[in-house]
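Undergrad: Sharing my_file.txt (compact mmCIF, C-alpha atoms) below.
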# COMPACT_ATOMS: atom_id res chain seq x y z
CA MET A 11 0.00 0.00 0.00
CA ASN A 12 2.94 2.30 0.62
CA PHE A 13 4.03 2.17 -3.04
CA LEU A 14 0.78 3.90 -4.10
CA ARG A 15 1.39 6.80 -1.78
CA PHE A 16 4.69 7.94 -3.29
CA ASN A 17 4.09 8.37 -6.97
CA ARG A 18 4.10 11.24 -9.40
CA SER A 19 0.38 11.74 -9.02
CA ASP A 20 1.05 13.37 -5.62
CA VAL A 21 2.76 16.21 -7.45
CA TRP A 22 -0.01 16.46 -10.03
CA TYR A 23 -2.71 16.49 -7.34
CA THR A 24 -0.83 19.25 -5.56
CA LEU A 25 -0.58 21.31 -8.73
CA LEU A 26 -4.27 20.74 -9.46
CA LEU A 27 -5.28 21.91 -6.00
CA VAL A 28 -2.95 24.91 -6.22
CA GLY A 29 -4.53 25.81 -9.57
CA ILE A 30 -8.03 25.61 -8.15
CA ALA A 31 -7.07 27.71 -5.12
CA ALA A 32 -5.27 30.25 -7.32
CA ALA A 33 -8.28 30.54 -9.62
CA LEU A 34 -10.61 31.07 -6.68
CA ALA A 35 -8.31 33.64 -5.08
CA SER A 36 -7.90 35.52 -8.33
CA PHE A 37 -11.62 35.53 -9.06
CA VAL A 38 -12.35 36.94 -5.59
CA ALA A 39 -9.55 39.52 -5.94
CA ALA A 40 -10.82 40.61 -9.36
CA ILE A 41 -14.39 41.03 -8.11
CA LEU A 42 -13.18 43.02 -5.11
CA ALA A 43 -10.90 45.16 -7.28
CA ILE A 44 -13.68 45.96 -9.73
CA ARG A 45 -16.05 46.73 -6.86
CA LEU A 46 -13.38 48.95 -5.33
CA LEU A 47 -13.06 50.93 -8.55
CA TYR A 48 -16.80 50.98 -9.23
CA PRO A 49 -18.63 51.02 -5.88
CA GLY A 50 -22.37 51.00 -5.60
CA GLY A 51 -25.18 48.54 -5.52
CA GLU A 52 -25.83 45.79 -3.06
CA TRP A 53 -23.61 42.80 -2.50
CA GLN A 54 -26.58 40.51 -2.90
CA SER A 55 -26.51 41.18 -6.62
CA TRP A 56 -22.76 41.64 -6.98
CA TRP A 57 -22.53 40.07 -10.44
CA ALA A 58 -25.40 42.12 -11.85
CA MET A 59 -23.93 45.34 -10.48
CA LEU A 60 -20.56 44.89 -12.21
CA PRO A 61 -20.10 46.97 -15.36
CA PRO A 62 -20.76 44.69 -18.35
CA ASP A 63 -17.38 45.39 -19.97
CA TYR A 64 -15.56 44.32 -16.80
CA LYS A 65 -17.28 40.97 -16.22
CA PRO A 66 -14.91 39.02 -18.49
CA LEU A 67 -11.92 40.35 -16.55
CA SER A 68 -12.89 38.40 -13.44
CA LEU A 69 -13.31 35.20 -15.44
CA PHE A 70 -10.01 35.69 -17.26
CA ALA A 71 -8.33 36.44 -13.91
CA GLY A 72 -9.42 33.06 -12.60
CA LEU A 73 -8.24 31.27 -15.74
CA ALA A 74 -4.89 33.08 -15.83
CA SER A 75 -4.17 32.27 -12.20
CA ALA A 76 -5.25 28.66 -12.67
CA VAL A 77 -2.37 28.36 -15.15
CA LEU A 78 0.19 30.68 -13.53
CA GLY A 79 -0.29 29.39 -9.97
CA PRO A 80 0.74 25.79 -10.57
CA ALA A 81 3.59 26.86 -12.90
CA PHE A 82 5.10 29.18 -10.28
CA TRP A 83 4.42 26.65 -7.51
CA TRP A 84 6.38 24.06 -9.46
CA TRP A 85 9.36 26.32 -10.23
CA ILE A 86 9.62 28.05 -6.86
CA ILE A 87 8.47 25.42 -4.35
CA ILE A 88 8.23 21.84 -5.63
CA LYS A 89 11.22 21.58 -7.97
CA PRO A 90 13.76 23.09 -5.52
CA GLY A 91 12.10 21.18 -2.65
CA ARG A 92 11.70 24.26 -0.47
CA LEU A 93 8.21 24.34 0.93
CA SER A 94 7.66 27.16 3.40
CA VAL A 95 4.91 29.61 4.23
CA ARG A 96 7.17 32.47 3.13
CA ARG A 97 7.60 30.92 -0.31
CA GLY A 98 3.85 30.31 -0.50
CA LEU A 99 3.26 33.98 0.26
CA LEU A 100 5.79 34.91 -2.42
CA VAL A 101 4.24 32.67 -5.07
CA GLY A 102 0.72 33.89 -4.30
CA ALA A 103 1.72 37.56 -4.43
CA LEU A 104 3.75 37.00 -7.59
CA VAL A 105 0.84 35.31 -9.33
CA GLY A 106 -1.41 38.18 -8.20
CA ILE A 107 0.88 40.65 -9.98
CA VAL A 108 1.90 38.65 -13.06
CA ALA A 109 -1.72 37.81 -13.85
CA HIS A 110 -2.54 41.45 -14.69
CA PRO A 111 -0.98 41.58 -18.20
CA VAL A 112 -2.22 38.08 -18.98
CA VAL A 113 -5.78 39.04 -18.03
CA TRP A 114 -5.75 42.24 -20.07
CA TYR A 115 -4.33 40.46 -23.08
CA ALA A 116 -6.88 37.65 -22.81
CA ALA A 117 -9.66 40.26 -22.64
CA PHE A 118 -8.38 41.93 -25.81
CA VAL A 119 -7.99 38.66 -27.70
CA SER A 120 -11.49 37.64 -26.63
CA ALA A 121 -12.89 40.98 -27.78
CA TYR A 122 -11.06 40.63 -31.08
CA PHE A 123 -12.50 37.21 -31.83
CA THR A 124 -16.03 37.93 -30.56
CA GLY A 125 -16.26 41.45 -31.97
CA GLN A 126 -17.41 42.85 -28.65
CA GLN A 127 -16.46 46.11 -27.02
CA THR A 128 -13.55 46.09 -24.59
CA VAL A 129 -13.02 47.80 -21.27
CA ILE A 130 -12.91 51.60 -21.57
CA SER A 131 -13.89 51.15 -25.24
CA PHE A 132 -10.37 50.46 -26.47
CA GLN A 133 -10.22 49.75 -30.17
CA VAL A 134 -9.05 46.18 -30.76
CA THR A 135 -6.94 45.98 -33.90
CA ASN A 136 -5.17 42.64 -33.84
CA PRO A 137 -3.80 40.38 -31.12
CA LEU A 138 -0.14 41.25 -31.73
CA GLU A 139 -0.65 45.01 -31.49
CA ASP A 140 -2.89 44.59 -28.47
CA LEU A 141 0.01 43.08 -26.56
CA VAL A 142 1.43 46.59 -26.09
CA THR A 143 -1.96 47.95 -25.01
CA ALA A 144 -2.35 45.08 -22.54
CA MET A 145 1.04 45.86 -20.99
CA PHE A 146 0.10 49.55 -20.76
CA LEU A 147 -3.21 48.82 -19.02
CA ALA A 148 -1.58 46.19 -16.80
CA THR A 149 0.81 48.85 -15.51
CA PHE A 150 -2.12 50.97 -14.37
CA SER A 151 -4.06 48.05 -12.94
CA VAL A 152 -1.02 46.96 -10.92
CA ILE A 153 -0.65 50.51 -9.60
CA PHE A 154 -4.31 50.89 -8.63
CA VAL A 155 -5.34 47.39 -7.51
CA GLY A 156 -2.15 45.35 -7.57
CA TRP A 157 -1.84 45.73 -3.81
CA LEU A 158 -5.20 44.00 -3.40
CA THR A 159 -4.51 41.17 -5.84
CA SER A 160 -1.06 40.49 -4.41
CA LEU A 161 -2.41 40.62 -0.85
CA ILE A 162 -5.20 38.12 -1.56
CA GLY A 163 -2.89 35.92 -3.63
CA GLY A 164 -0.25 35.99 -0.90
CA VAL A 165 -2.74 35.02 1.79
CA PHE A 166 -4.06 32.13 -0.29
CA GLY A 167 -0.52 31.01 -1.17
CA GLY A 168 0.58 31.17 2.46
CA VAL A 169 -2.41 29.17 3.65
CA ILE A 170 -1.88 26.52 0.96
CA ALA A 171 1.83 26.27 1.87
CA LEU A 172 0.97 25.99 5.57
CA LEU A 173 -1.55 23.22 4.93
CA GLN A 174 0.88 21.37 2.69
CA SER A 175 3.74 21.62 5.17
CA VAL A 176 1.53 20.33 7.98
CA SER A 177 0.43 17.37 5.88
CA GLY A 178 3.99 16.44 4.89
CA CYS A 179 3.76 17.13 1.17
CA ARG A 180 7.44 17.99 0.81
CA GLY A 181 8.53 14.47 1.72
CA ARG A 182 6.01 12.92 -0.67
CA TRP A 183 7.17 15.20 -3.49
CA GLN A 184 10.81 14.30 -2.91
CA ALA A 185 9.99 10.60 -2.85
CA ALA A 186 7.88 10.91 -5.99
CA LEU A 187 10.43 12.94 -7.93
CA SER A 188 13.43 10.85 -6.89
CA SER A 189 11.96 7.61 -8.21
Go ahead and express the file in the form of structure tokens.
TA:
Amino acid sequence: MNFLRFNRSDVWYTLLLVGIAAALASFVAAILAIRLLYPGGEWQSWWAMLPPDYKPLSLFAGLASAVLGPAFWWWIIIKPGRLSVRRGLLVGALVGIVAHPVVWYAAFVSAYFTGQQTVISFQVTNPLEDLVTAMFLATFSVIFVGWLTSLIGGVFGGVIALLQSVSGCRGRWQAALSS
């Protein structure tokens, strides 16, 4: 029974759970950031009160973090074998910041292919030119709400790292990767 416990699926399960937690944290951070920039309305109808152009941003934030979270977790925590709460905080905050340009670019590419209007009515020309516009808008979004996204991402990352260190994941990862 012990041979089933130490296999590569332990690492994949960890990365899957980190991706789900990162997506959830990013979705919550995006909703809070949008509500911070556009207050008003009741929280009971929080989705209906969001500006229509901004709704895709929260969905793209969750998707971007679901990809970035496990990638950074692998490169910063699992591969070097250094699981700590401090590194979990770092990975979560880093994903909260790095997701901004990815989210803006995904919103522009989505608007290009669907023919819909983008946030602040930016004209979408083609996906390659919109890369520069996404970086420009990401700079402003990091300045205005990056503190919130990195704070929420850091808290989620720290909690995930704490739970994994308590459950002995580091030893299972080392055993799985060494075989």
Undergrad: So how far away is atom CA of Gln133 of chain A from atom CA of Leu69 of chain A, in Å?
TA: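 Separating atom CA of Leu69 of chain A from atom CA of Gln133 of chain A is a distance of 20.9 Å.
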Undergrad: Find the residues with any atom within 10 Å of (-12.9, 42.0, -2.8); use only C-alpha atoms and the coordinates as given in the file, and write the answer as a compact mmCIF listing (two decimals) with C-alpha atoms, keeping the file's coordinate frame.
TA:
# COMPACT_ATOMS: atom_id res chain seq x y z
CA ALA A 35 -8.31 33.64 -5.08
CA SER A 36 -7.90 35.52 -8.33
CA PHE A 37 -11.62 35.53 -9.06
CA VAL A 38 -12.35 36.94 -5.59
CA ALA A 39 -9.55 39.52 -5.94
CA ALA A 40 -10.82 40.61 -9.36
CA ILE A 41 -14.39 41.03 -8.11
CA LEU A 42 -13.18 43.02 -5.11
CA ALA A 43 -10.90 45.16 -7.28
CA ILE A 44 -13.68 45.96 -9.73
CA ARG A 45 -16.05 46.73 -6.86
CA LEU A 46 -13.38 48.95 -5.33
CA LEU A 158 -5.20 44.00 -3.40
CA THR A 159 -4.51 41.17 -5.84
CA ILE A 162 -5.20 38.12 -1.56
Undergrad: Which segment 45-114 of chain A residues have any atom within 7 Å of an atom of segment 168-184 of chain A, and for each, what is the nearest pair of atoms with distance in Å to one decimal, counting only C-alpha atoms, rows sorted by chain and number, as a tab-separated table?
TA:
residue	atom	partner	partner_atom	distance
A:Gly91	CA	A:Arg180	CA	6.6
A:Leu93	CA	A:Arg180	CA	6.4
A:Ser94	CA	A:Ala171	CA	6.1
A:Val95	CA	A:Gly168	CA	4.9
A:Arg96	CA	A:Gly168	CA	6.8
A:Gly98	CA	A:Gly168	CA	4.5
A:Leu99	CA	A:Gly168	CA	4.5
Undergrad: Residues within 12 Å of (-4.6, 50.8, -17.2), file coordinates, counting only C-alpha atoms: what are they? Give the list as a PyMOL selection string.
TA: chain A and resi 110-111+113-115+129-130+132+142-156
Undergrad: Tell me which of A:Pro80, A:Pro61, A:Gly106, A:Pro66 sits closest to Leu26 of chain A, counting only C-alpha atoms.
TA: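 The shortest atom-to-atom distance to Leu26 of chain A comes from A:Pro80.
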Undergrad: One number please: atom CA of Ile30 of chain A to atom CA of Leu141 of chain A, in Å, one decimal.
TA: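 Between atom CA of Ile30 of chain A and atom CA of Leu141 of chain A the gap is 26.6 Å.
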Undergrad: Between atom CA of Leu187 of chain A and atom CA of Ile107 of chain A, what is the spacing in Å?
TA: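 Atom-to-atom, atom CA of Ile107 of chain A to atom CA of Leu187 of chain A, that is 29.4 Å.
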Undergrad: Let me make sure I understand: among A:Tyr23, A:Trp83, A:Phe70, A:Phe166, which one has the smallest atom-to-atom distance to Ser120 of chain A if we use only C-alpha atoms?
TA: A:Phe70
Undergrad: Name the residues in contact with Gly79 of chain A at a cut-off of 7 Å, using only C-alpha atoms, excluding same-chain residues fewer than 2 positions from it; report them as a PyMOL selection string.
TA: chain A and resi 28-29+32+75-77+81-83+105
Undergrad: Can you pull out every residue within 9 Å of Asp140 of chain A, counting all atoms listed in the file, but drop anything in the same chain fewer than 6 positions away, and send it as JSON, numbers by chain?
TA: {"A": [115, 118, 119, 134]}
Undergrad: Can you work out which one of A:Leu78, A:Ala31, A:Leu73, A:Ile88 has the shortest atom-to-atom distance to Ala185 of chain A, counting only C-alpha atoms?
TA: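 Looking only at the distances to Ala185 of chain A, the closest residue turns out to be A:Ile88.
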Undergrad: Quick one: of A:Pro49, A:Gly125, A:Gly102, A:Gly163, who's nearest to Ile86 of chain A, counting all atoms listed in the file?
TA: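 Using all atoms listed in the file, the shortest distance to Ile86 of chain A belongs to A:Gly102.
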